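J.: I am sharing final.txt, which consists of compact mmCIF, C-alpha atoms and all ligand atoms:
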# COMPACT_ATOMS: atom_id res chain seq x y z
CA MET A 1490 0.00 0.00 0.00
CA VAL A 1491 1.37 3.43 -0.94
CA LEU A 1492 0.69 6.87 0.46
CA ASP A 1493 -0.25 9.80 -1.75
CA PRO A 1494 2.63 12.24 -2.40
CA PRO A 1495 3.45 15.04 0.11
CA LEU A 1496 1.28 18.18 0.07
CA ALA A 1497 2.69 21.45 -1.25
CA GLN A 1498 1.12 23.31 1.73
CA PRO A 1499 0.64 21.74 5.18
CA LEU A 1500 -2.97 21.39 6.41
CA VAL A 1501 -2.03 22.16 10.03
CA GLY A 1502 0.48 24.60 11.54
CA ARG A 1503 1.46 22.74 14.73
CA LEU A 1504 0.22 19.20 15.29
CA ALA A 1505 0.78 17.74 18.76
CA VAL A 1506 0.51 14.02 19.51
CA ILE A 1507 0.36 12.88 23.15
CA GLY A 1508 1.20 9.17 23.57
CA ILE A 1509 3.77 7.85 21.08
CA GLY A 1510 2.69 4.22 20.82
CA LEU A 1511 1.26 2.24 17.90
CA ILE A 1512 -1.38 4.82 16.97
CA GLY A 1513 0.46 8.02 17.96
CA SER A 1514 3.61 7.01 16.08
CA SER A 1515 1.53 5.97 13.03
CA ILE A 1516 -0.08 9.44 12.96
CA LEU A 1517 3.37 11.05 13.24
CA ARG A 1518 4.74 8.86 10.45
CA ALA A 1519 1.76 9.48 8.13
CA ALA A 1520 1.81 13.23 8.83
CA ALA A 1521 5.57 13.44 8.21
CA ALA A 1522 5.42 11.36 5.03
CA ARG A 1523 2.74 13.59 3.52
CA LYS A 1524 3.97 16.88 5.09
CA LEU A 1525 0.59 17.46 6.69
CA ALA A 1526 1.88 19.76 9.46
CA GLY A 1527 4.31 22.67 9.60
CA THR A 1528 5.67 21.34 12.90
CA LEU A 1529 5.14 17.93 14.50
CA ILE A 1530 5.41 17.80 18.28
CA ALA A 1531 5.12 14.66 20.39
CA TYR A 1532 5.07 13.81 24.08
CA ASP A 1533 4.84 10.53 25.99
CA GLY A 1534 4.64 10.00 29.76
CA ASP A 1535 7.32 7.30 29.57
CA ALA A 1536 10.88 8.72 29.31
CA ALA A 1537 12.11 5.58 27.51
CA VAL A 1538 9.40 6.06 24.85
CA ARG A 1539 10.37 9.74 24.44
CA ALA A 1540 14.01 8.70 23.96
CA ARG A 1541 13.05 6.02 21.42
CA ALA A 1542 10.82 8.47 19.53
CA ALA A 1543 13.76 10.91 19.33
CA THR A 1544 16.04 8.15 18.00
CA LEU A 1545 13.43 7.18 15.40
CA GLY A 1546 13.04 10.86 14.40
CA LEU A 1547 9.26 10.67 14.81
CA ALA A 1548 8.70 14.44 15.39
CA ASP A 1549 10.36 17.82 14.94
CA LEU A 1550 10.23 18.22 18.71
CA ILE A 1551 9.89 15.63 21.46
CA ALA A 1552 8.48 17.73 24.30
CA ALA A 1553 9.62 17.22 27.89
CA THR A 1554 6.18 18.00 29.36
CA PRO A 1555 2.53 17.91 28.23
CA ALA A 1556 2.45 21.71 28.60
CA GLU A 1557 5.36 22.18 26.19
CA ALA A 1558 3.76 19.74 23.73
CA VAL A 1559 0.46 21.59 23.38
CA ALA A 1560 1.66 25.21 23.61
CA GLY A 1561 0.71 26.91 20.34
CA ALA A 1562 -0.67 23.69 18.82
CA ASP A 1563 -3.54 23.97 16.31
CA ILE A 1564 -4.54 20.33 16.69
CA VAL A 1565 -3.76 18.06 19.66
CA ILE A 1566 -4.45 14.32 19.36
CA LEU A 1567 -4.43 12.22 22.53
CA CYS A 1568 -3.17 8.70 21.76
CA VAL A 1569 -3.06 7.24 25.27
CA PRO A 1570 -5.16 4.40 26.77
CA VAL A 1571 -8.82 5.34 27.29
CA GLY A 1572 -8.40 5.34 31.09
CA ALA A 1573 -5.61 7.96 30.86
CA MET A 1574 -7.54 10.48 28.69
CA GLY A 1575 -8.97 12.45 31.65
CA ALA A 1576 -5.59 12.86 33.38
CA VAL A 1577 -3.95 14.03 30.14
CA ALA A 1578 -6.80 16.46 29.43
CA GLN A 1579 -6.37 17.88 32.94
CA ALA A 1580 -2.59 18.25 32.45
CA ILE A 1581 -2.88 20.08 29.12
CA ALA A 1582 -6.02 22.15 29.87
CA PRO A 1583 -4.28 25.34 31.09
CA HIS A 1584 -1.86 25.30 28.14
CA VAL A 1585 -4.08 24.64 25.09
CA ALA A 1586 -4.68 27.76 22.99
CA PRO A 1587 -8.30 28.95 22.59
CA GLY A 1588 -9.58 27.84 19.16
CA ALA A 1589 -7.34 24.76 19.09
CA ILE A 1590 -8.83 21.32 18.38
CA VAL A 1591 -8.34 18.59 20.97
CA SER A 1592 -9.12 15.12 19.66
CA ASP A 1593 -8.19 11.55 20.57
CA VAL A 1594 -8.02 8.05 19.07
CA GLY A 1595 -9.55 6.04 21.92
CA SER A 1596 -11.53 2.87 21.16
CA VAL A 1597 -14.44 4.11 23.34
CA LYS A 1598 -16.10 7.47 22.73
CA GLY A 1599 -18.83 8.32 25.29
CA ALA A 1600 -16.54 8.09 28.34
CA VAL A 1601 -13.73 9.92 26.54
CA LEU A 1602 -15.97 12.80 25.44
CA ASN A 1603 -17.06 13.23 29.08
CA ALA A 1604 -13.47 13.01 30.35
CA LEU A 1605 -12.22 15.62 27.86
CA ARG A 1606 -15.13 18.02 28.40
CA ALA A 1607 -14.74 17.81 32.17
CA HIS A 1608 -11.30 19.39 31.96
CA LEU A 1609 -10.93 21.43 28.77
CA PRO A 1610 -12.09 25.07 28.68
CA GLU A 1611 -15.04 26.28 26.55
CA GLY A 1612 -12.96 27.93 23.80
CA VAL A 1613 -11.24 24.66 22.89
CA HIS A 1614 -12.91 22.48 20.20
CA VAL A 1615 -13.29 18.98 21.67
CA ILE A 1616 -13.87 16.51 18.80
CA PRO A 1617 -13.25 12.87 19.78
CA GLY A 1618 -12.19 10.38 17.13
CA HIS A 1619 -11.37 6.72 16.57
CA PRO A 1620 -9.39 5.28 13.68
CA VAL A 1621 -10.76 1.77 13.27
CA ALA A 1622 -7.34 0.42 12.38
CA GLY A 1623 -4.67 -1.22 14.44
CA THR A 1624 -2.71 -4.32 15.29
CA GLU A 1625 -1.93 -6.42 18.36
CA TYR A 1626 1.44 -4.62 18.70
CA SER A 1627 2.20 -1.59 20.89
CA GLY A 1628 4.86 1.08 21.27
CA PRO A 1629 6.68 3.56 19.02
CA ASP A 1630 8.35 0.87 16.89
CA ALA A 1631 5.02 -0.75 16.04
CA GLY A 1632 3.53 2.16 14.07
CA PHE A 1633 3.57 2.57 10.30
CA ALA A 1634 2.56 5.38 7.94
CA THR A 1635 0.02 3.38 5.94
CA LEU A 1636 -1.96 2.10 8.96
CA PHE A 1637 -4.99 4.30 8.25
CA GLN A 1638 -5.11 3.77 4.47
CA ASN A 1639 -8.59 2.79 3.33
CA ARG A 1640 -9.72 2.33 6.96
CA TRP A 1641 -12.55 4.11 8.71
CA SER A 1642 -11.88 6.97 11.07
CA ILE A 1643 -14.97 7.80 13.12
CA LEU A 1644 -15.45 11.30 14.56
CA THR A 1645 -18.00 11.86 17.35
CA PRO A 1646 -18.36 15.64 17.71
CA PRO A 1647 -20.65 16.78 20.54
CA GLU A 1648 -23.88 18.58 19.63
CA GLY A 1649 -23.19 22.14 18.55
CA ALA A 1650 -19.54 21.43 17.66
CA ASP A 1651 -17.92 23.99 15.37
CA ALA A 1652 -18.42 22.77 11.78
CA ASP A 1653 -15.16 24.31 10.55
CA ALA A 1654 -13.18 22.53 13.30
CA VAL A 1655 -14.86 19.20 12.42
CA ALA A 1656 -13.99 19.77 8.74
CA ARG A 1657 -10.34 20.54 9.58
CA LEU A 1658 -9.97 17.37 11.66
CA SER A 1659 -11.79 15.32 9.05
CA GLY A 1660 -9.42 16.72 6.38
CA LEU A 1661 -6.41 15.62 8.42
CA TRP A 1662 -7.70 12.02 8.67
CA SER A 1663 -8.57 11.96 4.96
CA ALA A 1664 -5.05 13.13 4.16
CA MET A 1665 -3.73 10.18 6.20
CA GLY A 1666 -5.73 7.88 3.90
CA ALA A 1667 -8.75 7.25 6.12
CA ASN A 1668 -12.44 7.33 5.20
CA VAL A 1669 -14.16 9.59 7.70
CA GLU A 1670 -17.58 8.88 9.22
CA ILE A 1671 -19.43 11.01 11.76
CA MET A 1672 -21.75 9.54 14.41
CA THR A 1673 -22.84 10.02 18.00
CA PRO A 1674 -20.63 8.59 20.77
CA GLU A 1675 -23.48 6.32 21.91
CA HIS A 1676 -23.91 4.80 18.46
CA HIS A 1677 -20.15 4.38 18.11
CA ASP A 1678 -19.90 2.54 21.42
CA LEU A 1679 -22.71 0.11 20.57
CA VAL A 1680 -21.40 -0.64 17.07
CA LEU A 1681 -17.82 -1.10 18.28
CA ALA A 1682 -19.00 -3.31 21.15
CA ILE A 1683 -20.22 -5.89 18.61
CA THR A 1684 -17.55 -5.41 15.92
CA SER A 1685 -14.46 -5.05 18.10
CA HIS A 1686 -14.84 -5.14 21.88
CA VAL A 1687 -16.80 -8.38 22.33
CA PRO A 1688 -14.70 -10.19 19.67
CA HIS A 1689 -11.59 -9.26 21.66
CA LEU A 1690 -13.23 -10.52 24.85
CA ILE A 1691 -14.08 -13.82 23.15
CA ALA A 1692 -10.47 -14.18 22.01
CA TYR A 1693 -9.13 -13.45 25.51
CA ASN A 1694 -11.61 -15.96 26.92
CA ILE A 1695 -10.97 -18.84 24.52
CA VAL A 1696 -7.20 -18.51 24.81
CA GLY A 1697 -7.56 -18.43 28.61
CA THR A 1698 -9.79 -21.53 28.54
CA ALA A 1699 -7.31 -23.34 26.30
CA ALA A 1700 -4.42 -22.38 28.57
CA ASP A 1701 -6.30 -23.85 31.55
CA LEU A 1702 -7.05 -27.03 29.58
CA GLU A 1703 -3.40 -27.30 28.69
CA ASN A 1704 -2.64 -28.40 32.24
CA VAL A 1705 -4.80 -31.42 31.48
CA THR A 1706 -3.71 -32.10 27.92
CA GLN A 1707 0.01 -31.37 28.43
CA SER A 1708 0.83 -29.00 25.60
CA GLU A 1709 -1.46 -30.50 22.98
CA VAL A 1710 -3.38 -27.23 22.77
CA ILE A 1711 -0.32 -25.46 21.42
CA LYS A 1712 1.00 -28.41 19.44
CA TYR A 1713 -2.17 -28.95 17.44
CA SER A 1714 -3.42 -25.38 17.34
CA ALA A 1715 -4.88 -24.97 13.87
CA GLY A 1716 -5.72 -21.77 11.98
CA GLY A 1717 -8.80 -20.74 13.95
CA PHE A 1718 -7.16 -20.88 17.35
CA ARG A 1719 -4.03 -19.15 16.07
CA ASP A 1720 -6.15 -16.20 14.88
CA PHE A 1721 -7.59 -15.93 18.38
CA THR A 1722 -4.11 -15.93 19.92
CA ARG A 1723 -3.15 -12.96 17.73
CA ILE A 1724 -6.07 -10.92 19.02
CA ALA A 1725 -5.48 -12.15 22.60
CA ALA A 1726 -1.90 -10.80 22.40
CA SER A 1727 -3.30 -7.22 22.32
CA ASP A 1728 -2.22 -4.73 24.98
CA PRO A 1729 -3.67 -5.57 28.46
CA THR A 1730 -3.83 -1.94 29.67
CA MET A 1731 -5.59 -0.73 26.54
CA TRP A 1732 -8.19 -3.50 26.62
CA ARG A 1733 -8.80 -3.34 30.37
CA ASP A 1734 -9.62 0.35 29.84
CA VAL A 1735 -11.92 -0.39 26.87
CA PHE A 1736 -14.04 -2.78 28.93
CA LEU A 1737 -14.12 -0.53 32.00
CA ASN A 1738 -15.29 2.41 29.86
CA ASN A 1739 -17.87 0.72 27.59
CA ARG A 1740 -19.55 -1.46 30.18
CA ALA A 1741 -23.20 -0.92 29.26
CA ALA A 1742 -22.83 -1.62 25.53
CA VAL A 1743 -20.50 -4.59 26.07
CA ILE A 1744 -22.88 -6.15 28.60
CA GLU A 1745 -25.83 -5.61 26.24
CA VAL A 1746 -24.03 -7.28 23.32
CA LEU A 1747 -22.68 -10.08 25.52
CA GLY A 1748 -26.25 -10.86 26.59
CA ARG A 1749 -27.30 -11.33 22.97
CA PHE A 1750 -24.14 -13.29 22.22
CA THR A 1751 -24.65 -15.77 25.06
CA GLU A 1752 -28.29 -16.32 24.08
CA ASP A 1753 -27.19 -17.14 20.53
CA LEU A 1754 -24.40 -19.38 21.80
CA ILE A 1755 -26.83 -21.33 23.96
CA ALA A 1756 -29.07 -21.76 20.89
CA LEU A 1757 -26.09 -23.25 19.03
CA GLN A 1758 -25.30 -25.52 21.96
CA ARG A 1759 -28.89 -26.75 21.84
CA ALA A 1760 -28.73 -27.33 18.08
CA ILE A 1761 -25.62 -29.44 18.58
CA ARG A 1762 -27.18 -31.39 21.48
CA TRP A 1763 -30.27 -32.23 19.40
CA ALA A 1764 -28.26 -32.82 16.20
CA GLU A 1765 -30.13 -30.04 14.36
CA GLY A 1766 -27.76 -29.93 11.40
CA ASP A 1767 -29.98 -27.61 9.34
CA LYS A 1768 -29.76 -24.91 11.99
CA LEU A 1769 -25.97 -25.11 12.05
CA PHE A 1770 -25.74 -25.22 8.26
CA ASP A 1771 -28.02 -22.19 7.84
CA LEU A 1772 -26.04 -20.06 10.29
CA PHE A 1773 -22.68 -21.05 8.79
CA THR A 1774 -24.00 -20.23 5.30
CA ARG A 1775 -25.14 -16.78 6.46
CA THR A 1776 -21.84 -16.01 8.19
CA ARG A 1777 -19.81 -17.12 5.16
CA ALA A 1778 -21.77 -14.62 3.04
CA ILE A 1779 -21.02 -11.87 5.54
CA ARG A 1780 -17.27 -12.54 5.40
CA ARG A 1781 -17.34 -12.55 1.59
CA SER A 1782 -19.21 -9.25 1.44
CA ILE A 1783 -16.61 -7.68 3.78
CA ILE A 1784 -13.85 -8.75 1.38
CA GLU A 1785 -15.83 -7.39 -1.59
CA ILE A 1786 -16.13 -3.90 -0.10
CA GLY A 1787 -12.39 -3.94 0.51
CA GLN A 1788 -12.37 -3.56 4.31
CA GLU A 1789 -10.38 -6.75 4.68
CA THR A 1790 -7.83 -8.70 2.72
CA ALA A 1791 -8.43 -12.41 2.16
CA GLU A 1792 -5.29 -13.14 4.18
CA PRO A 1793 -4.99 -10.89 7.25
CA ASP A 1794 -1.61 -9.19 7.31
CA PHE A 1795 -1.89 -6.84 10.29
CA GLY A 1796 1.50 -5.82 11.52
CA ARG A 1797 3.39 -7.15 8.55
CA GLU A 1798 2.46 -4.36 6.22
CA ARG A 1799 4.83 -1.65 7.44
CA GLY A 1800 5.93 1.12 5.15
N1 LIG B 1901 -3.91 -0.73 19.34
C1 LIG B 1901 -4.85 -0.59 18.43
O1 LIG B 1901 -4.97 -1.44 17.54
C2 LIG B 1901 -5.75 0.60 18.47
C3 LIG B 1901 -5.78 1.44 19.56
N2 LIG B 1901 -6.64 2.51 19.59
C4 LIG B 1901 -6.66 3.40 20.76
O2 LIG B 1901 -5.50 4.19 20.69
C5 LIG B 1901 -5.04 4.53 21.99
C6 LIG B 1901 -3.56 4.21 22.06
O3 LIG B 1901 -3.37 2.84 21.78
P1 LIG B 1901 -1.96 2.28 21.27
O4 LIG B 1901 -1.26 3.29 20.44
O5 LIG B 1901 -2.23 0.93 20.73
O6 LIG B 1901 -1.19 2.12 22.67
P2 LIG B 1901 0.37 2.01 22.98
O7 LIG B 1901 0.47 1.24 24.25
O8 LIG B 1901 1.14 1.54 21.79
O9 LIG B 1901 0.77 3.54 23.27
C7 LIG B 1901 0.21 4.30 24.29
C8 LIG B 1901 1.26 5.27 24.79
O10 LIG B 1901 0.64 6.17 25.70
C9 LIG B 1901 1.59 6.48 26.72
N3 LIG B 1901 0.87 6.96 27.90
C10 LIG B 1901 0.09 6.24 28.75
N4 LIG B 1901 -0.43 7.06 29.70
C11 LIG B 1901 0.05 8.30 29.45
C12 LIG B 1901 -0.12 9.55 30.07
N5 LIG B 1901 -0.90 9.70 31.17
N6 LIG B 1901 0.53 10.63 29.54
C13 LIG B 1901 1.29 10.50 28.45
N7 LIG B 1901 1.51 9.33 27.81
C14 LIG B 1901 0.89 8.24 28.30
C15 LIG B 1901 2.33 5.18 26.95
O11 LIG B 1901 3.60 5.39 27.55
C16 LIG B 1901 2.42 4.62 25.52
O12 LIG B 1901 3.66 4.96 24.92
C17 LIG B 1901 -5.92 3.77 22.96
O13 LIG B 1901 -6.85 4.65 23.52
C18 LIG B 1901 -6.61 2.72 22.11
O14 LIG B 1901 -7.90 2.42 22.61
C19 LIG B 1901 -7.41 2.85 18.52
C20 LIG B 1901 -7.39 2.08 17.39
C21 LIG B 1901 -6.59 0.87 17.29
O1 LIG B 1902 -5.70 -6.04 15.48
C1 LIG B 1902 -6.92 -6.09 15.26
O2 LIG B 1902 -7.45 -7.05 14.69
C2 LIG B 1902 -7.78 -4.99 15.67
O3 LIG B 1902 -8.97 -5.17 15.84
C3 LIG B 1902 -7.15 -3.65 15.86
C4 LIG B 1902 -7.99 -2.64 16.54
C5 LIG B 1902 -8.04 -2.60 17.92
C6 LIG B 1902 -8.77 -1.64 18.56
C7 LIG B 1902 -9.47 -0.70 17.83
O4 LIG B 1902 -10.17 0.24 18.49
C8 LIG B 1902 -9.43 -0.71 16.46
C9 LIG B 1902 -8.68 -1.68 15.82
Go through the file and emit its structure as structure tokens.
T.:
Amino acid sequence: MVLDPPLAQPLVGRLAVIGIGLIGSSILRAAAARKLAGTLIAYDGDAAVRARAATLGLADLIAATPAEAVAGADIVILCVPVGAMGAVAQAIAPHVAPGAIVSDVGSVKGAVLNALRAHLPEGVHVIPGHPVAGTEYSGPDAGFATLFQNRWSILTPPEGADADAVARLSGLWSAMGANVEIMTPEHHDLVLAITSHVPHLIAYNIVGTAADLENVTQSEVIKYSAGGFRDFTRIAASDPTMWRDVFLNNRAAVIEVLGRFTEDLIALQRAIRWAEGDKLFDLFTRTRAIRRSIIEIGQETAEPDFGRERG
């Protein structure tokens, strides 16, 4: 996958990224590759990450404090775990210029909007966002410039948000290759509960169950793990802090979806008990069609290659 060529004129004067992990470093790489900002500034709470980001040349300036990072910034994007958004918003609040945009990339939107609005002053445009793109890897080395190419980036502006600010943020994501969609935080959190959060929970659960069984079967779980289980282990290798925070901050939607999921699972269990092959066959036929339609609209490659496609 290739990025479009650099812009003749940057879209943003100063772009500040707080949290230089997988997503933050991918934004920095994409913005640098396409010259989307006059100046790129980055800050991370971990000194070792700041040092690594400097070695990798990820920004024009690696700030020593959150205050230094956001001073004079036109757009600030918080790329920290969902549970850390409030503390970062509080730390930057006195230093963000009026009229600046503060956004984020968190996987949950309702709780993050509340956390940001609780701390940031009125004159700052709070426009939460979520690029629906990632891998099971973390840290500044894991990012890559093409991560957002042909992926959705969802913005969840609060009611009455400044239309020009939303357009500027949307333009930045488009320039990084993303397709931008706008929705309410509540809708986002319900949709992502079924498409991302509960699937991750299922992966964590099945790998945990298999690991417990392994005590009984003495390594056979690993030895004979076929394609399906291996795919689950990839997802279950995702960052524990990030995913703990996702579940703690999207509890209502996850519990709602889990309720539906367990009902459907029990129905499958019953079909197996009573040897109702038609029921199983019908469901598997429907789900196969869903997978094929996802491939057709280009949101997935036939062979997943997350994390291998660095550029
Ligand atoms: N990993 C993924 O596939 C995706 C993650 N997201 C969201 O992006 C956000 C970041 O995730 P990743 O980049 O994967 O995580 P990461 O673990 O790679 O990076 C997070 C960085 O934030 C820093 N950090 C933590 N607390 C901080 C604080 N209080 N102040 C300053 N820096 C702090 C950490 O030191 C770390 O370098 C999360 O909110 C996550 O929900 C969104 C889409 C995909
Ligand atoms: O690695 C995968 O399969 C993912 O699902 C990545 C991912 C993780 C969290 C998000 O909020 C969005 C994308």
J.: For the point (-13.1, -4.1, 25.1) in the file's frame, write as number ranges by chain all residues with an atom no more than 12 Å away, counting all atoms listed in the file.
T.: A: 1570-1571, 1595-1597, 1678-1679, 1681-1693, 1724-1725, 1727-1744, 1746-1747
J.: Between CA of Asp1630 in chain A and CA of Gly1510 in chain A, what distance in Å does the model show, to one decimal?
T.: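 These atoms are spaced 7.7 Å apart.
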J.: Would you write out, as JSON lines, a table of all residues in chain A that have an atom no more than 6 Å from an atom of ligand LIG 1901 (chain B), listing for each the closest atom pair and the distance in Å to one decimal, considering all atoms listed in the file and ordering rows by chain and rising residue number?
T.:
{"residue": "A:Ile1507", "atom": "CA", "partner": "B:LIG1901", "partner_atom": "C13", "distance": 5.9}
{"residue": "A:Gly1508", "atom": "CA", "partner": "B:LIG1901", "partner_atom": "O10", "distance": 3.7}
{"residue": "A:Ile1509", "atom": "CA", "partner": "B:LIG1901", "partner_atom": "O12", "distance": 4.8}
{"residue": "A:Gly1510", "atom": "CA", "partner": "B:LIG1901", "partner_atom": "O9", "distance": 3.2}
{"residue": "A:Leu1511", "atom": "CA", "partner": "B:LIG1901", "partner_atom": "O4", "distance": 3.7}
{"residue": "A:Ile1512", "atom": "CA", "partner": "B:LIG1901", "partner_atom": "O4", "distance": 3.8}
{"residue": "A:Gly1513", "atom": "CA", "partner": "B:LIG1901", "partner_atom": "O4", "distance": 5.6}
{"residue": "A:Asp1533", "atom": "CA", "partner": "B:LIG1901", "partner_atom": "N7", "distance": 4.0}
{"residue": "A:Gly1534", "atom": "CA", "partner": "B:LIG1901", "partner_atom": "C13", "distance": 3.6}
{"residue": "A:Asp1535", "atom": "CA", "partner": "B:LIG1901", "partner_atom": "O11", "distance": 4.6}
{"residue": "A:Val1538", "atom": "CA", "partner": "B:LIG1901", "partner_atom": "O12", "distance": 5.8}
{"residue": "A:Cys1568", "atom": "CA", "partner": "B:LIG1901", "partner_atom": "C6", "distance": 4.5}
{"residue": "A:Val1569", "atom": "CA", "partner": "B:LIG1901", "partner_atom": "O10", "distance": 3.9}
{"residue": "A:Pro1570", "atom": "CA", "partner": "B:LIG1901", "partner_atom": "O13", "distance": 3.7}
{"residue": "A:Val1571", "atom": "CA", "partner": "B:LIG1901", "partner_atom": "O13", "distance": 4.3}
{"residue": "A:Ala1573", "atom": "CA", "partner": "B:LIG1901", "partner_atom": "N5", "distance": 5.0}
{"residue": "A:Val1577", "atom": "CA", "partner": "B:LIG1901", "partner_atom": "N5", "distance": 5.4}
{"residue": "A:Val1594", "atom": "CA", "partner": "B:LIG1901", "partner_atom": "O2", "distance": 4.9}
{"residue": "A:Gly1595", "atom": "CA", "partner": "B:LIG1901", "partner_atom": "O13", "distance": 3.4}
{"residue": "A:Ser1596", "atom": "CA", "partner": "B:LIG1901", "partner_atom": "O14", "distance": 3.9}
{"residue": "A:His1619", "atom": "CA", "partner": "B:LIG1901", "partner_atom": "C19", "distance": 5.9}
{"residue": "A:Pro1620", "atom": "CA", "partner": "B:LIG1901", "partner_atom": "C20", "distance": 5.3}
{"residue": "A:Val1621", "atom": "CA", "partner": "B:LIG1901", "partner_atom": "C20", "distance": 5.3}
{"residue": "A:Ala1622", "atom": "CA", "partner": "B:LIG1901", "partner_atom": "C21", "distance": 5.0}
{"residue": "A:Gly1623", "atom": "CA", "partner": "B:LIG1901", "partner_atom": "O1", "distance": 3.1}
{"residue": "A:Thr1624", "atom": "CA", "partner": "B:LIG1901", "partner_atom": "O1", "distance": 4.3}
{"residue": "A:Glu1625", "atom": "CA", "partner": "B:LIG1901", "partner_atom": "O1", "distance": 5.9}
{"residue": "A:Ser1627", "atom": "CA", "partner": "B:LIG1901", "partner_atom": "O8", "distance": 3.4}
{"residue": "A:Gly1628", "atom": "CA", "partner": "B:LIG1901", "partner_atom": "O8", "distance": 3.8}
{"residue": "A:Met1731", "atom": "CA", "partner": "B:LIG1901", "partner_atom": "O14", "distance": 5.5}
J.: What is the distance, in Å and to one decimal place, between CA of Ile1551 in chain A and CA of Ala1531 in chain A?
T.: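 That distance, rounded to one decimal, is 5.0 Å.
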J.: Choose the residue, out of A:Gly1716, A:Pro1647, A:Gly1697, A:Gly1618, that has the smallest atom-to-atom separation from ligand LIG 1902 (chain B); count only C-alpha atoms and all ligand atoms.
T.: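 The closest residue to ligand LIG 1902 (chain B) is A:Gly1618.
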J.: Emit as JSON the padded axis-aligned box for all listed atoms of ligand LIG 1902 (chain B), 8 Å per side, with centre and edge lengths in Å to one decimal.
T.:
{"center_x": -7.9, "center_y": -3.4, "center_z": 16.6, "size_x": 20.5, "size_y": 23.3, "size_z": 19.9}
J.: Tell me, in Å to one decimal, how far CA of Gly1649 in chain A is from CA of Ile1590 in chain A.
T.: 14.4 Å
